[in-house]
$ cat coords.cif   # mmCIF, C-alpha atoms
data_run
#
loop_
_atom_site.label_atom_id
_atom_site.label_comp_id
_atom_site.auth_asym_id
_atom_site.auth_seq_id
_atom_site.Cartn_x
_atom_site.Cartn_y
_atom_site.Cartn_z
CA MET R 25 140.10 85.87 9.58
CA THR R 26 142.94 88.38 9.19
CA GLU R 27 145.82 86.01 8.52
CA ALA R 28 146.37 82.65 6.93
CA THR R 29 146.66 79.45 8.95
CA PHE R 30 148.75 76.39 8.11
CA VAL R 31 147.49 73.31 9.95
CA TYR R 32 149.51 70.13 10.51
CA ASP R 33 149.36 66.95 12.63
CA GLY R 34 150.89 67.80 16.01
CA ASP R 35 150.85 64.16 17.12
CA CYS R 36 153.33 63.30 14.38
CA SER R 37 156.95 64.01 15.28
CA PHE R 38 157.95 64.17 11.61
CA CYS R 39 155.20 66.73 10.91
CA THR R 40 156.16 68.72 14.01
CA THR R 41 159.80 68.79 12.91
CA CYS R 42 158.70 70.08 9.49
CA ALA R 43 156.49 72.72 11.13
CA GLN R 44 159.40 73.86 13.31
CA PHE R 45 161.53 74.19 10.17
CA ILE R 46 158.81 76.33 8.61
CA GLU R 47 158.62 78.56 11.68
CA ARG R 48 162.42 79.00 11.81
CA ARG R 49 163.28 79.28 8.13
CA ILE R 50 160.27 80.28 6.04
CA PRO R 51 159.06 83.83 6.72
CA SER R 52 155.37 83.21 6.06
CA ARG R 53 152.82 85.45 7.74
CA ALA R 54 150.64 82.39 8.36
CA THR R 55 150.01 80.98 11.80
CA VAL R 56 151.45 77.46 11.89
CA VAL R 57 149.38 75.34 14.26
CA PRO R 58 148.81 71.66 15.04
CA TRP R 59 145.23 70.70 14.26
CA GLN R 60 144.87 69.33 17.78
CA PHE R 61 145.04 72.93 19.09
CA ALA R 62 143.19 74.62 16.23
CA ASP R 63 139.53 75.60 16.18
CA LEU R 64 138.66 73.45 13.18
CA ASP R 65 135.08 74.74 13.02
CA ALA R 66 136.25 78.36 12.89
CA LEU R 67 138.74 77.43 10.16
CA GLY R 68 136.07 75.56 8.20
CA LEU R 69 138.02 72.29 8.38
CA THR R 70 136.92 68.77 9.24
CA LEU R 71 138.74 66.06 11.17
CA GLU R 72 138.90 64.06 7.95
CA GLN R 73 140.66 66.91 6.12
CA VAL R 74 143.30 67.46 8.79
CA GLU R 75 143.98 63.74 9.18
CA GLU R 76 144.41 63.40 5.43
CA ALA R 77 146.90 66.24 4.77
CA VAL R 78 148.30 69.57 5.91
CA GLN R 79 145.84 72.40 5.33
CA TRP R 80 146.10 76.05 4.34
CA VAL R 81 143.26 78.40 5.20
CA GLY R 82 143.74 81.83 3.68
CA PRO R 83 142.44 85.10 5.11
CA ASP R 84 139.73 85.00 2.44
CA GLY R 85 138.68 81.46 3.47
CA THR R 86 140.53 79.71 0.64
CA VAL R 87 141.35 76.13 1.66
CA ALA R 88 144.12 74.05 0.13
CA SER R 89 145.51 70.65 1.11
CA GLY R 90 148.80 68.77 0.86
CA PRO R 91 151.27 70.14 -1.68
CA ASP R 92 148.77 72.81 -2.70
CA ALA R 93 148.80 74.06 0.91
CA ILE R 94 152.60 73.97 0.95
CA ALA R 95 152.69 75.95 -2.32
CA LEU R 96 150.50 78.69 -0.83
CA LEU R 97 152.61 78.80 2.34
CA LEU R 98 155.77 79.24 0.25
CA ARG R 99 154.18 81.89 -1.94
CA ASP R 100 153.03 83.75 1.16
CA ALA R 101 156.66 83.87 2.36
CA GLY R 102 157.55 85.89 -0.74
CA ARG R 103 160.95 86.54 -2.26
CA LEU R 104 162.94 83.38 -2.94
CA TRP R 105 160.26 81.12 -1.44
CA GLU R 106 157.72 82.27 -4.01
CA VAL R 107 159.63 80.52 -6.81
CA PRO R 108 159.26 76.96 -5.42
CA GLY R 109 155.72 77.85 -4.34
CA ARG R 110 154.76 78.80 -7.89
CA ALA R 111 156.60 75.76 -9.25
CA LEU R 112 154.51 73.46 -7.04
CA GLN R 113 151.40 74.96 -8.64
CA LEU R 114 152.49 74.14 -12.19
CA LYS R 115 150.43 71.30 -13.65
CA PRO R 116 153.29 68.86 -14.37
CA VAL R 117 154.89 69.46 -10.96
CA GLY R 118 151.53 69.13 -9.21
CA LEU R 119 150.93 65.80 -10.92
CA LEU R 120 154.14 64.53 -9.31
CA ALA R 121 153.75 66.40 -6.01
CA TRP R 122 150.54 64.68 -4.93
CA PRO R 123 151.84 61.11 -5.27
CA ALA R 124 155.07 62.15 -3.53
CA TYR R 125 153.08 63.83 -0.72
CA ARG R 126 150.88 60.75 -0.29
CA TRP R 127 153.93 58.50 -0.14
CA VAL R 128 155.60 60.69 2.51
CA SER R 129 152.41 60.98 4.55
CA GLY R 130 151.87 57.23 4.37
CA HIS R 131 155.45 56.52 5.45
CA ARG R 132 156.05 59.42 7.86
CA HIS R 133 156.35 57.04 10.78
CA LEU R 134 159.47 55.60 9.09
CA LEU R 135 161.10 58.98 8.35
CA PRO R 136 163.53 60.83 10.65
CA GLY R 137 161.63 62.09 13.68
CA GLY R 138 158.66 59.83 12.93
CA THR R 139 157.06 57.63 15.57
CA ALA R 140 154.47 54.86 15.51
CA ALA R 141 151.78 57.41 16.41
CA CYS R 142 152.41 59.17 13.08
CA SER R 143 150.77 56.32 11.20
CA LEU R 144 147.59 56.03 13.29
CA PRO R 145 144.24 57.69 12.60
CA GLN R 146 143.03 59.96 15.43
CA ALA R 147 140.36 57.53 16.69
CA GLN R 148 142.97 54.80 17.09
CA ARG R 149 145.43 57.20 18.77
CA GLU R 150 142.76 58.12 21.32
CA ARG R 151 142.04 54.46 22.08
CA LEU R 152 145.74 53.84 22.70
CA TYR R 153 146.91 57.10 24.27
CA GLY R 154 143.73 58.85 25.46
CA PRO R 155 142.09 61.96 24.01
CA ASP R 156 144.11 65.00 22.99
CA PRO R 157 144.12 67.78 25.59
CA VAL R 158 142.38 70.49 23.56
#

$ encode --input "coords.cif" --output "structure tokens"
Amino acid sequence: MTEATFVYDGDCSFCTTCAQFIERRIPSRATVVPWQFADLDALGLTLEQVEEAVQWVGPDGTVASGPDAIALLLRDAGRLWEVPGRALQLKPVGLLAWPAYRWVSGHRHLLPGGTAACSLPQAQRERLYGPDPV
């Protein structure tokens, strides 16, 4: 792999809005892609991983999840973005970042742009809405 990949849940409107913000405002070299259109096998990711949290797969195969993935994305963007990226990797900040990330991911259907589909596991989404067109 020659570039990093940042993987998010494309069925979640809140996540998609965040990904669009990243693409517009954060100059990372990473490819930002919904997991529903990503080759998870080629990235070395499982369905469980991508349903649990956003994922970062570095060019060297490094995998990070949740706020750790966000930290690497920010660091990859360089300049001013590297500061919050490094801050997220500090032990005390990381101890707070994971519970905050879990709360947001568990309540994303209630946040601006969120929909009921944001709160459903993939198997349940497929039963209700049909399989994703991959």

$ resolve_selection --input "coords.cif" --expression "the PyMOL selection byres ((chain R and resi 68-72) around 12)" --output "PDB file with C-alpha atoms, keeping the file's coordinate frame"
ATOM      1  CA  MET R  25     140.100  85.870   9.580  1.00  0.00           C
ATOM      2  CA  THR R  29     146.660  79.450   8.950  1.00  0.00           C
ATOM      3  CA  PHE R  30     148.750  76.390   8.110  1.00  0.00           C
ATOM      4  CA  VAL R  31     147.490  73.310   9.950  1.00  0.00           C
ATOM      5  CA  TYR R  32     149.510  70.130  10.510  1.00  0.00           C
ATOM      6  CA  ASP R  33     149.360  66.950  12.630  1.00  0.00           C
ATOM      7  CA  TRP R  59     145.230  70.700  14.260  1.00  0.00           C
ATOM      8  CA  GLN R  60     144.870  69.330  17.780  1.00  0.00           C
ATOM      9  CA  ALA R  62     143.190  74.620  16.230  1.00  0.00           C
ATOM     10  CA  ASP R  63     139.530  75.600  16.180  1.00  0.00           C
ATOM     11  CA  LEU R  64     138.660  73.450  13.180  1.00  0.00           C
ATOM     12  CA  ASP R  65     135.080  74.740  13.020  1.00  0.00           C
ATOM     13  CA  ALA R  66     136.250  78.360  12.890  1.00  0.00           C
ATOM     14  CA  LEU R  67     138.740  77.430  10.160  1.00  0.00           C
ATOM     15  CA  GLN R  73     140.660  66.910   6.120  1.00  0.00           C
ATOM     16  CA  VAL R  74     143.300  67.460   8.790  1.00  0.00           C
ATOM     17  CA  GLU R  75     143.980  63.740   9.180  1.00  0.00           C
ATOM     18  CA  GLU R  76     144.410  63.400   5.430  1.00  0.00           C
ATOM     19  CA  ALA R  77     146.900  66.240   4.770  1.00  0.00           C
ATOM     20  CA  VAL R  78     148.300  69.570   5.910  1.00  0.00           C
ATOM     21  CA  GLN R  79     145.840  72.400   5.330  1.00  0.00           C
ATOM     22  CA  TRP R  80     146.100  76.050   4.340  1.00  0.00           C
ATOM     23  CA  VAL R  81     143.260  78.400   5.200  1.00  0.00           C
ATOM     24  CA  GLY R  82     143.740  81.830   3.680  1.00  0.00           C
ATOM     25  CA  PRO R  83     142.440  85.100   5.110  1.00  0.00           C
ATOM     26  CA  ASP R  84     139.730  85.000   2.440  1.00  0.00           C
ATOM     27  CA  GLY R  85     138.680  81.460   3.470  1.00  0.00           C
ATOM     28  CA  THR R  86     140.530  79.710   0.640  1.00  0.00           C
ATOM     29  CA  VAL R  87     141.350  76.130   1.660  1.00  0.00           C
ATOM     30  CA  ALA R  88     144.120  74.050   0.130  1.00  0.00           C
ATOM     31  CA  SER R  89     145.510  70.650   1.110  1.00  0.00           C
ATOM     32  CA  PRO R 145     144.240  57.690  12.600  1.00  0.00           C
ATOM     33  CA  GLN R 146     143.030  59.960  15.430  1.00  0.00           C
ATOM     34  CA  ALA R 147     140.360  57.530  16.690  1.00  0.00           C
TER      35      ALA R 147
END

$ atom_distance --input "coords.cif" --atom1 "atom CA of Asp100 of chain R" --atom2 "atom CA of Pro123 of chain R"
23.6 Å

$ residues_around --input "coords.cif" --residues "Gln113 of chain R" --least-positions-apart "2" --cutoff "9 Å" --atoms "only C-alpha atoms" --output "PyMOL selection string"
chain R and resi 91-92+95-96+108-111+115-118

$ closest_residue --input "coords.cif" --among "R:Gly130, R:Leu98, R:Glu106, R:Val57" --to "Thr40 of chain R" --atoms "only C-alpha atoms"
R:Val57

$ atom_distance --input "coords.cif" --atom1 "atom CA of Leu135 of chain R" --atom2 "atom CA of Ala28 of chain R"
27.9 Å

$ residues_around --input "coords.cif" --residues "Cys39 of chain R" --least-positions-apart "4" --cutoff "10 Å" --atoms "only C-alpha atoms" --output "ChimeraX atom specification"
/R:32-35,43-45,58,78,129,132-133,137-138,142

$ residues_around --input "coords.cif" --residues "Gly102 of chain R" --least-positions-apart "3" --cutoff "10 Å" --atoms "only C-alpha atoms" --output "ChimeraX atom specification"
/R:50-53,97-99,105-107,109

$ atom_distance --input "coords.cif" --atom1 "atom CA of Ala124 of chain R" --atom2 "atom CA of Glu27 of chain R"
28.3 Å

$ build_atoms --input "coords.cif" --residues "segment 54-65 of chain R" --atoms "all heavy atoms" --output "mmCIF file, in the coordinates of the input"
data_model
loop_
_atom_site.group_PDB
_atom_site.id
_atom_site.type_symbol
_atom_site.label_atom_id
_atom_site.label_comp_id
_atom_site.auth_asym_id
_atom_site.auth_seq_id
_atom_site.Cartn_x
_atom_site.Cartn_y
_atom_site.Cartn_z
ATOM 1 N N ALA R 54 151.669 83.321 7.874
ATOM 2 C CA ALA R 54 150.640 82.390 8.360
ATOM 3 C C ALA R 54 150.947 81.925 9.781
ATOM 4 O O ALA R 54 152.104 81.792 10.181
ATOM 5 C CB ALA R 54 150.555 81.172 7.438
ATOM 6 N N THR R 55 149.891 81.641 10.509
ATOM 7 C CA THR R 55 150.010 80.980 11.800
ATOM 8 C C THR R 55 150.170 79.497 11.523
ATOM 9 O O THR R 55 149.375 78.911 10.790
ATOM 10 C CB THR R 55 148.746 81.221 12.657
ATOM 11 O OG1 THR R 55 148.609 82.624 12.863
ATOM 12 C CG2 THR R 55 148.834 80.498 13.975
ATOM 13 N N VAL R 56 151.200 78.886 12.073
ATOM 14 C CA VAL R 56 151.450 77.460 11.890
ATOM 15 C C VAL R 56 150.998 76.774 13.177
ATOM 16 O O VAL R 56 151.525 77.057 14.252
ATOM 17 C CB VAL R 56 152.943 77.192 11.605
ATOM 18 C CG1 VAL R 56 153.217 75.708 11.461
ATOM 19 C CG2 VAL R 56 153.377 77.948 10.344
ATOM 20 N N VAL R 57 150.007 75.897 13.064
ATOM 21 C CA VAL R 57 149.380 75.340 14.260
ATOM 22 C C VAL R 57 149.041 73.862 14.071
ATOM 23 O O VAL R 57 148.584 73.461 13.004
ATOM 24 C CB VAL R 57 148.114 76.155 14.634
ATOM 25 C CG1 VAL R 57 147.069 76.088 13.555
ATOM 26 C CG2 VAL R 57 147.525 75.721 15.951
ATOM 27 N N PRO R 58 149.263 73.041 15.122
ATOM 28 C CA PRO R 58 148.810 71.660 15.040
ATOM 29 C C PRO R 58 147.287 71.624 15.070
ATOM 30 O O PRO R 58 146.658 72.415 15.784
ATOM 31 C CB PRO R 58 149.409 70.989 16.276
ATOM 32 C CG PRO R 58 149.810 72.081 17.191
ATOM 33 C CD PRO R 58 149.948 73.329 16.379
ATOM 34 N N TRP R 59 146.688 70.724 14.321
ATOM 35 C CA TRP R 59 145.230 70.700 14.260
ATOM 36 C C TRP R 59 144.627 70.378 15.623
ATOM 37 O O TRP R 59 143.503 70.776 15.922
ATOM 38 C CB TRP R 59 144.716 69.770 13.171
ATOM 39 C CG TRP R 59 144.901 68.295 13.367
ATOM 40 C CD1 TRP R 59 145.836 67.504 12.782
ATOM 41 C CD2 TRP R 59 144.099 67.417 14.167
ATOM 42 N NE1 TRP R 59 145.686 66.200 13.181
ATOM 43 C CE2 TRP R 59 144.618 66.124 14.031
ATOM 44 C CE3 TRP R 59 142.993 67.607 14.997
ATOM 45 C CZ2 TRP R 59 144.075 65.015 14.685
ATOM 46 C CZ3 TRP R 59 142.447 66.513 15.648
ATOM 47 C CH2 TRP R 59 142.995 65.231 15.483
ATOM 48 N N GLN R 60 145.386 69.698 16.463
ATOM 49 C CA GLN R 60 144.870 69.330 17.780
ATOM 50 C C GLN R 60 144.623 70.562 18.654
ATOM 51 O O GLN R 60 143.873 70.489 19.628
ATOM 52 C CB GLN R 60 145.849 68.375 18.487
ATOM 53 C CG GLN R 60 145.938 67.024 17.842
ATOM 54 C CD GLN R 60 146.917 66.931 16.676
ATOM 55 O OE1 GLN R 60 147.446 67.930 16.204
ATOM 56 N NE2 GLN R 60 147.163 65.720 16.203
ATOM 57 N N PHE R 61 145.232 71.689 18.329
ATOM 58 C CA PHE R 61 145.040 72.930 19.090
ATOM 59 C C PHE R 61 144.356 74.019 18.271
ATOM 60 O O PHE R 61 144.298 75.164 18.703
ATOM 61 C CB PHE R 61 146.390 73.433 19.619
ATOM 62 C CG PHE R 61 147.013 72.487 20.595
ATOM 63 C CD1 PHE R 61 148.046 71.658 20.207
ATOM 64 C CD2 PHE R 61 146.555 72.409 21.896
ATOM 65 C CE1 PHE R 61 148.621 70.770 21.094
ATOM 66 C CE2 PHE R 61 147.119 71.519 22.799
ATOM 67 C CZ PHE R 61 148.157 70.694 22.399
ATOM 68 N N ALA R 62 143.872 73.662 17.105
ATOM 69 C CA ALA R 62 143.190 74.620 16.230
ATOM 70 C C ALA R 62 141.684 74.510 16.404
ATOM 71 O O ALA R 62 141.165 73.442 16.721
ATOM 72 C CB ALA R 62 143.569 74.354 14.769
ATOM 73 N N ASP R 63 140.998 75.602 16.189
ATOM 74 C CA ASP R 63 139.530 75.600 16.180
ATOM 75 C C ASP R 63 139.113 75.221 14.752
ATOM 76 O O ASP R 63 138.973 76.087 13.893
ATOM 77 C CB ASP R 63 139.001 76.964 16.574
ATOM 78 C CG ASP R 63 137.491 77.008 16.671
ATOM 79 O OD1 ASP R 63 136.807 76.059 16.188
ATOM 80 O OD2 ASP R 63 136.971 77.997 17.217
ATOM 81 N N LEU R 64 138.954 73.928 14.531
ATOM 82 C CA LEU R 64 138.660 73.450 13.180
ATOM 83 C C LEU R 64 137.372 74.036 12.627
ATOM 84 O O LEU R 64 137.294 74.368 11.446
ATOM 85 C CB LEU R 64 138.621 71.916 13.150
ATOM 86 C CG LEU R 64 139.925 71.204 13.512
ATOM 87 C CD1 LEU R 64 139.754 69.687 13.400
ATOM 88 C CD2 LEU R 64 141.075 71.679 12.669
ATOM 89 N N ASP R 65 136.354 74.162 13.472
ATOM 90 C CA ASP R 65 135.080 74.740 13.020
ATOM 91 C C ASP R 65 135.285 76.168 12.518
ATOM 92 O O ASP R 65 134.784 76.538 11.461
ATOM 93 C CB ASP R 65 134.030 74.706 14.127
ATOM 94 C CG ASP R 65 133.539 73.305 14.427
ATOM 95 O OD1 ASP R 65 133.604 72.440 13.528
ATOM 96 O OD2 ASP R 65 133.088 73.068 15.559
#
